[in-house]
>>> print(open('upload.tsv').read())   # TSV, C-alpha atoms
chain	number	residue	atom	x	y	z
A	1	MET	CA	47.07	114.89	103.41
A	2	LYS	CA	46.03	111.40	104.42
A	3	GLN	CA	43.94	111.00	107.57
A	4	LYS	CA	45.93	112.83	110.17
A	5	THR	CA	45.63	113.52	113.86
A	6	VAL	CA	47.02	116.89	114.93
A	7	ILE	CA	47.07	118.56	118.35
A	8	ASP	CA	46.31	122.26	118.85
A	9	GLN	CA	47.97	124.59	121.37
A	10	LEU	CA	45.45	123.72	124.09
A	11	GLY	CA	46.36	120.04	123.72
A	12	THR	CA	43.09	119.15	121.94
A	13	SER	CA	43.45	116.34	119.44
A	14	HIS	CA	41.77	116.71	116.00
A	15	THR	CA	41.54	114.09	113.27
A	16	PHE	CA	40.99	115.13	109.64
A	17	LYS	CA	40.44	112.76	106.71
A	18	THR	CA	41.65	115.44	104.29
A	19	SER	CA	43.21	118.86	104.69
A	20	PRO	CA	40.43	121.37	105.66
A	21	LYS	CA	39.22	123.32	102.61
A	22	ARG	CA	36.62	125.65	104.19
A	23	ILE	CA	38.09	127.83	106.94
A	24	ILE	CA	36.42	130.32	109.25
A	25	SER	CA	38.88	132.52	111.17
A	26	LEU	CA	37.69	134.31	114.30
A	27	VAL	CA	41.03	136.03	115.01
A	28	PRO	CA	42.17	139.05	112.93
A	29	SER	CA	45.92	138.33	113.13
A	30	GLN	CA	45.37	134.69	112.21
A	31	THR	CA	43.23	135.70	109.23
A	32	GLU	CA	46.17	137.76	108.00
A	33	LEU	CA	48.53	134.84	108.59
A	34	LEU	CA	46.31	132.41	106.65
A	35	TYR	CA	46.27	134.88	103.76
A	36	ASP	CA	50.07	135.16	103.86
A	37	LEU	CA	50.30	131.36	103.84
A	38	GLY	CA	48.40	131.33	100.52
A	39	GLN	CA	45.06	130.16	101.95
A	40	GLU	CA	42.86	133.01	100.64
A	41	ASP	CA	40.60	130.76	98.57
A	42	LYS	CA	39.89	128.48	101.54
A	43	ILE	CA	38.82	131.29	103.90
A	44	ILE	CA	35.03	131.56	103.83
A	45	GLY	CA	34.25	133.53	107.00
A	46	ILE	CA	35.97	136.21	109.11
A	47	THR	CA	35.18	138.68	111.92
A	48	LYS	CA	34.34	142.36	111.45
A	49	PHE	CA	37.74	143.09	113.02
A	50	CYS	CA	39.67	141.17	110.33
A	51	VAL	CA	41.00	144.29	108.58
A	52	HIS	CA	44.06	142.76	106.84
A	53	PRO	CA	44.17	142.13	103.96
A	54	TYR	CA	41.91	145.10	103.22
A	55	HIS	CA	39.98	143.49	100.36
A	56	PHE	CA	38.63	140.70	102.61
A	57	LYS	CA	35.98	143.07	103.96
A	58	SER	CA	34.28	142.96	100.55
A	59	THR	CA	35.15	139.37	99.51
A	60	LYS	CA	34.58	137.32	102.70
A	61	THR	CA	31.46	136.72	104.82
A	62	LYS	CA	31.53	138.44	108.22
A	63	VAL	CA	30.24	136.17	110.99
A	64	GLY	CA	30.38	138.57	113.96
A	65	GLY	CA	33.19	139.73	116.22
A	66	THR	CA	35.69	137.86	118.37
A	67	LYS	CA	33.49	137.76	121.49
A	68	LYS	CA	30.05	137.51	119.82
A	69	VAL	CA	29.49	135.34	116.76
A	70	HIS	CA	26.54	134.52	114.53
A	71	TYR	CA	26.28	130.73	115.01
A	72	GLU	CA	23.60	130.17	112.37
A	73	LYS	CA	25.57	132.13	109.75
A	74	ILE	CA	28.62	129.99	110.56
A	75	ARG	CA	26.65	126.74	110.36
A	76	LEU	CA	25.21	127.65	106.94
A	77	LEU	CA	28.73	128.31	105.58
A	78	GLU	CA	29.50	124.61	106.24
A	79	PRO	CA	33.09	125.09	107.47
A	80	ASP	CA	35.58	122.20	107.80
A	81	ILE	CA	37.47	124.02	110.55
A	82	ILE	CA	37.09	127.15	112.70
A	83	ILE	CA	40.26	128.89	113.90
A	84	CYS	CA	40.04	130.48	117.36
A	85	ASN	CA	42.41	131.75	120.03
A	86	LYS	CA	42.32	131.18	123.78
A	87	GLU	CA	42.52	134.88	124.60
A	88	GLU	CA	40.44	136.34	121.77
A	89	ASN	CA	37.50	133.93	121.88
A	90	THR	CA	35.63	132.65	124.93
A	91	GLN	CA	35.49	129.01	126.00
A	92	GLU	CA	31.70	129.20	125.60
A	93	ILE	CA	32.09	130.22	121.93
A	94	VAL	CA	34.59	127.41	121.31
A	95	GLU	CA	32.33	124.79	122.92
A	96	LYS	CA	29.26	125.92	120.99
A	97	LEU	CA	31.15	126.07	117.68
A	98	SER	CA	32.52	122.55	118.29
A	99	GLU	CA	28.98	121.31	117.65
A	100	ILE	CA	29.33	122.58	114.04
A	101	CYS	CA	32.84	121.36	113.15
A	102	PRO	CA	36.35	121.00	114.64
A	103	VAL	CA	37.59	124.18	116.37
A	104	TRP	CA	41.35	124.73	116.35
A	105	VAL	CA	42.44	126.90	119.28
A	106	THR	CA	45.81	128.66	119.36
A	107	ASN	CA	47.43	129.98	122.53
A	108	ILE	CA	50.14	132.56	121.87
A	109	ILE	CA	52.10	133.95	124.80
A	110	THR	CA	55.68	133.73	123.53
A	111	ILE	CA	57.40	134.19	120.17
A	112	GLU	CA	58.12	130.44	120.32
A	113	ASP	CA	54.33	129.85	120.44
A	114	ASN	CA	54.06	131.97	117.30
A	115	PHE	CA	56.56	129.78	115.42
A	116	GLN	CA	54.59	126.72	116.59
A	117	MET	CA	51.28	128.13	115.32
A	118	ILE	CA	52.77	128.80	111.88
A	119	SER	CA	54.19	125.24	111.71
A	120	ASP	CA	50.81	123.84	112.82
A	121	PHE	CA	49.01	125.77	110.07
A	122	GLY	CA	51.55	124.45	107.56
A	123	GLN	CA	50.67	120.91	108.60
A	124	LEU	CA	46.91	121.52	108.85
A	125	PHE	CA	46.44	123.26	105.52
A	126	ASN	CA	49.07	121.44	103.52
A	127	CYS	CA	51.26	124.51	103.07
A	128	ARG	CA	54.38	123.38	104.92
A	129	THR	CA	56.76	125.09	102.47
A	130	GLU	CA	55.07	128.48	102.88
A	131	ALA	CA	54.97	128.03	106.67
A	132	GLN	CA	58.68	127.18	106.75
A	133	LYS	CA	59.48	130.24	104.63
A	134	TRP	CA	57.62	132.48	107.06
A	135	ASN	CA	59.29	130.91	110.08
A	136	ASP	CA	62.70	131.33	108.43
A	137	LYS	CA	61.99	135.01	107.66
A	138	LEU	CA	60.77	135.62	111.21
A	139	ALA	CA	63.74	133.79	112.77
A	140	PHE	CA	66.16	135.92	110.73
A	141	ALA	CA	64.32	139.16	111.59
A	142	LEU	CA	64.19	138.19	115.29
A	143	SER	CA	67.92	137.53	115.39
A	144	ASP	CA	68.60	140.82	113.59
A	145	PHE	CA	66.36	142.73	116.00
A	146	LYS	CA	67.96	141.17	119.09
A	147	ASN	CA	71.28	142.36	117.72
A	148	PHE	CA	69.86	145.87	117.12
A	149	VAL	CA	68.41	146.15	120.64
A	150	SER	CA	71.33	144.53	122.51
A	151	ALA	CA	73.06	147.81	123.40
A	152	ILE	CA	69.86	149.72	124.23
A	153	PRO	CA	69.43	150.24	128.00
A	154	VAL	CA	66.31	148.90	129.72
A	155	LYS	CA	63.56	151.46	130.36
A	156	LYS	CA	60.51	151.18	132.61
A	157	VAL	CA	57.19	151.35	130.77
A	158	ALA	CA	53.43	151.20	131.24
A	159	TYR	CA	51.39	149.95	128.26
A	160	PHE	CA	47.75	151.13	128.35
A	161	ILE	CA	45.10	149.18	126.44
A	162	TRP	CA	41.81	150.55	127.83
A	163	LYS	CA	40.13	153.60	129.34
A	164	ASN	CA	37.17	153.75	131.77
A	165	PRO	CA	38.45	151.84	133.62
A	166	TYR	CA	42.13	152.25	132.82
A	167	MET	CA	43.65	148.87	131.98
A	168	VAL	CA	47.20	147.91	131.05
A	169	ALA	CA	49.06	144.91	129.67
A	170	GLY	CA	50.41	142.95	132.64
A	171	SER	CA	52.27	139.65	132.43
A	172	ASP	CA	51.74	136.30	130.74
A	173	ASN	CA	50.65	137.78	127.40
A	174	PHE	CA	52.18	138.44	123.97
A	175	ILE	CA	52.36	142.23	124.49
A	176	ASN	CA	54.54	141.79	127.57
A	177	GLU	CA	56.81	139.35	125.69
A	178	LEU	CA	57.34	141.97	122.97
A	179	LEU	CA	57.96	144.68	125.57
A	180	LYS	CA	60.67	142.49	127.14
A	181	LEU	CA	62.19	141.82	123.73
A	182	ASN	CA	62.42	145.60	123.26
A	183	HIS	CA	64.27	146.06	126.59
A	184	PHE	CA	61.18	147.60	128.18
A	185	LYS	CA	60.50	146.64	131.81
A	186	ASN	CA	56.74	146.57	132.34
A	187	ILE	CA	55.99	148.20	135.72
A	188	TYR	CA	52.72	146.22	135.93
A	189	ASP	CA	54.10	142.75	135.21
A	190	THR	CA	53.29	141.47	138.72
A	191	LYS	CA	49.61	142.40	138.65
A	192	GLY	CA	48.07	139.70	136.43
A	193	ARG	CA	47.42	139.61	132.70
A	194	TYR	CA	45.38	142.78	132.04
A	195	PRO	CA	44.97	144.59	135.35
A	196	GLU	CA	42.86	147.68	136.05
A	197	VAL	CA	45.08	150.45	137.39
A	198	GLU	CA	44.66	153.76	139.20
A	199	LEU	CA	46.53	156.62	137.56
A	200	GLU	CA	47.10	158.24	140.99
A	201	LYS	CA	49.25	155.26	142.01
A	202	MET	CA	51.36	155.06	138.86
A	203	LYS	CA	54.33	156.86	140.41
A	204	GLU	CA	54.50	154.67	143.50
A	205	GLU	CA	53.85	151.49	141.49
A	206	GLY	CA	56.90	151.98	139.29
A	207	SER	CA	57.22	155.53	137.95
A	208	PRO	CA	57.62	154.63	134.25
A	209	ASP	CA	60.14	156.30	131.91
A	210	ILE	CA	57.68	155.80	129.02
A	211	VAL	CA	53.89	155.50	128.86
A	212	PHE	CA	52.63	153.72	125.75
A	213	LEU	CA	49.02	154.33	124.67
A	214	SER	CA	47.87	151.64	122.27
A	215	SER	CA	45.67	152.22	119.21
A	216	GLU	CA	43.67	149.10	120.12
A	217	PRO	CA	41.49	147.71	121.60
A	218	TYR	CA	40.83	151.26	122.91
A	219	PRO	CA	41.81	153.91	120.33
A	220	PHE	CA	43.83	156.27	122.54
A	221	LYS	CA	44.34	159.84	121.28
A	222	LYS	CA	46.76	162.65	122.15
A	223	ASP	CA	44.34	164.17	124.68
A	224	ASP	CA	44.39	160.92	126.66
A	225	GLY	CA	48.14	161.34	126.85
A	226	TYR	CA	47.79	164.71	128.59
A	227	GLU	CA	45.31	163.21	131.06
A	228	ILE	CA	47.57	160.27	131.93
A	229	GLY	CA	50.74	162.36	131.75
A	230	VAL	CA	49.66	164.42	134.79
A	231	PHE	CA	50.29	161.32	136.91
A	232	ALA	CA	53.65	160.47	135.32
A	233	PRO	CA	55.13	163.91	134.59
A	234	GLU	CA	58.69	162.59	134.06
A	235	ALA	CA	57.55	159.98	131.53
A	236	GLN	CA	57.51	160.28	127.77
A	237	THR	CA	53.96	159.54	126.55
A	238	ILE	CA	53.77	157.90	123.13
A	239	LEU	CA	50.88	156.70	120.96
A	240	VAL	CA	51.77	153.29	119.50
A	241	ASP	CA	50.31	150.98	116.85
A	242	GLY	CA	48.61	148.26	118.88
A	243	GLU	CA	48.74	145.79	115.98
A	244	MET	CA	52.54	145.81	116.19
A	245	PHE	CA	52.54	144.88	119.86
A	246	SER	CA	49.59	142.49	120.02
A	247	TRP	CA	49.13	140.80	116.62
A	248	TYR	CA	50.96	137.52	116.26
A	249	GLY	CA	51.44	135.54	113.04
A	250	SER	CA	53.05	137.14	109.99
A	251	ARG	CA	52.46	140.68	111.35
A	252	LEU	CA	55.51	140.16	113.57
A	253	LEU	CA	57.78	140.67	110.55
A	254	LYS	CA	56.48	144.25	110.12
A	255	ALA	CA	56.64	144.73	113.90
A	256	PHE	CA	60.43	144.35	114.04
A	257	ASP	CA	60.87	147.26	111.58
A	258	TYR	CA	58.29	149.28	113.51
A	259	PHE	CA	60.15	148.69	116.79
A	260	LYS	CA	63.42	149.90	115.25
A	261	MET	CA	61.70	153.16	114.22
A	262	LEU	CA	60.18	153.48	117.68
A	263	HIS	CA	63.57	153.16	119.40
A	264	GLN	CA	65.01	155.80	117.09
A	265	LYS	CA	62.25	158.20	118.21
A	266	LEU	CA	62.81	157.63	121.95
>>> encode(input="upload.tsv", output="structure tokens")
Amino acid sequence: MKQKTVIDQLGTSHTFKTSPKRIISLVPSQTELLYDLGQEDKIIGITKFCVHPYHFKSTKTKVGGTKKVHYEKIRLLEPDIIICNKEENTQEIVEKLSEICPVWVTNIITIEDNFQMISDFGQLFNCRTEAQKWNDKLAFALSDFKNFVSAIPVKKVAYFIWKNPYMVAGSDNFINELLKLNHFKNIYDTKGRYPEVELEKMKEEGSPDIVFLSSEPYPFKKDDGYEIGVFAPEAQTILVDGEMFSWYGSRLLKAFDYFKMLHQKL
């Protein structure tokens, strides 16, 4: 591309003389998206949590996690751009990395934000055709899923993401958007983004029909289900794949099929 000024999802303006060729991604789902957009050769650094595609763990340099990064390692890789996310990476990390090169920050709350991110990447990395293909596939799958779920009655749910202390997905986040899409009413959607909760109060705070225990960031197991189930005896307790509910980008395509299977189990 010729010199171009583009604006990220935080409203920060970035000017590039040429399309960035050396990318560091500090967000697992966005690493997967960049791969699916055909950018594998440009990705030079990832986090230890970037597990898709699997072979990246042996072919790409790990530069830390999402909350703690190795600044010197990043600097020596000489990136043209670092991809971050408002929720995954701290403002402090973004500011410090900005001293090395431009930092592109995404902010994904809604499915619409997800479409925007994919379009932005198409523009940034000169892969507009691939980006459009992905957005078309996702738009079709979204429409198909809305049709599938239209006759399914709404159920009350609690979606647990952490233990000691117990934390759940609240409102104003991508997980809650996907719960709503699935006709699940989050009993904690008035308590902030990721509130701590007391199991003893679960019944009075909404008495869920279903309790979801996510595989990430805390890897819940069956035994946790028994522990939590004592406080919501009428609820169905189900272990769910956290990637399907919290990863944005191209992962959403797999998520729609996963959600269909989930509904058939309920």
>>> closest_residue(input="upload.tsv", among="A:Glu88, A:Glu40, A:Asp241, A:Asp257", to="Ile108 (chain A)", atoms="all atoms listed in the file")
A:Glu88
>>> closest_residue(input="upload.tsv", among="A:Gly65, A:Gly242, A:Pro195, A:Pro233", to="Ser214 (chain A)", atoms="only C-alpha atoms")
A:Gly242
>>> residues_around(input="upload.tsv", residues="Gly64 (chain A)", least_positions_apart="2", cutoff="8 Å", atoms="all atoms listed in the file", output="list in words")
Ile46, Thr47, Lys48, Lys62, Thr66, Lys68, Val69 and His70 of chain A
>>> residues_near_point(input="upload.tsv", point="(40.4, 151.4, 124.0)", cutoff="7 Å", atoms="only C-alpha atoms", output="list in words")
Ile161, Trp162, Lys163, Glu216, Pro217, Tyr218, Pro219 and Phe220 of chain A
>>> write_last_selection(input="upload.tsv", atoms="C-alpha atoms", output="CSV table (one decimal), in the frame of the given file")
chain,number,residue,atom,x,y,z
A,161,ILE,CA,45.1,149.2,126.4
A,162,TRP,CA,41.8,150.6,127.8
A,163,LYS,CA,40.1,153.6,129.3
A,216,GLU,CA,43.7,149.1,120.1
A,217,PRO,CA,41.5,147.7,121.6
A,218,TYR,CA,40.8,151.3,122.9
A,219,PRO,CA,41.8,153.9,120.3
A,220,PHE,CA,43.8,156.3,122.5
>>> closest_residue(input="upload.tsv", among="A:Val157, A:Val149, A:Met244, A:Leu178", to="His263 (chain A)", atoms="all atoms listed in the file")
A:Val149
>>> closest_residue(input="upload.tsv", among="A:Gln132, A:Ser29, A:Asn107, A:Thr237", to="Phe212 (chain A)", atoms="all atoms listed in the file")
A:Thr237
>>> residues_near_point(input="upload.tsv", point="(57.3, 133.5, 123.7)", cutoff="12 Å", atoms="only C-alpha atoms", output="number ranges by chain")
A: 107-117, 142, 171-181, 248
>>> closest_residue(input="upload.tsv", among="A:Leu77, A:Val63, A:Cys50, A:Val105", to="Gln9 (chain A)", atoms="all atoms listed in the file")
A:Val105
>>> closest_residue(input="upload.tsv", among="A:Ala232, A:Ile118, A:Leu124, A:Leu76", to="Lys137 (chain A)", atoms="all atoms listed in the file")
A:Ile118
>>> atom_distance(input="upload.tsv", atom1="CA of Glu204 (chain A)", atom2="CA of Ile238 (chain A)")
20.6 Å
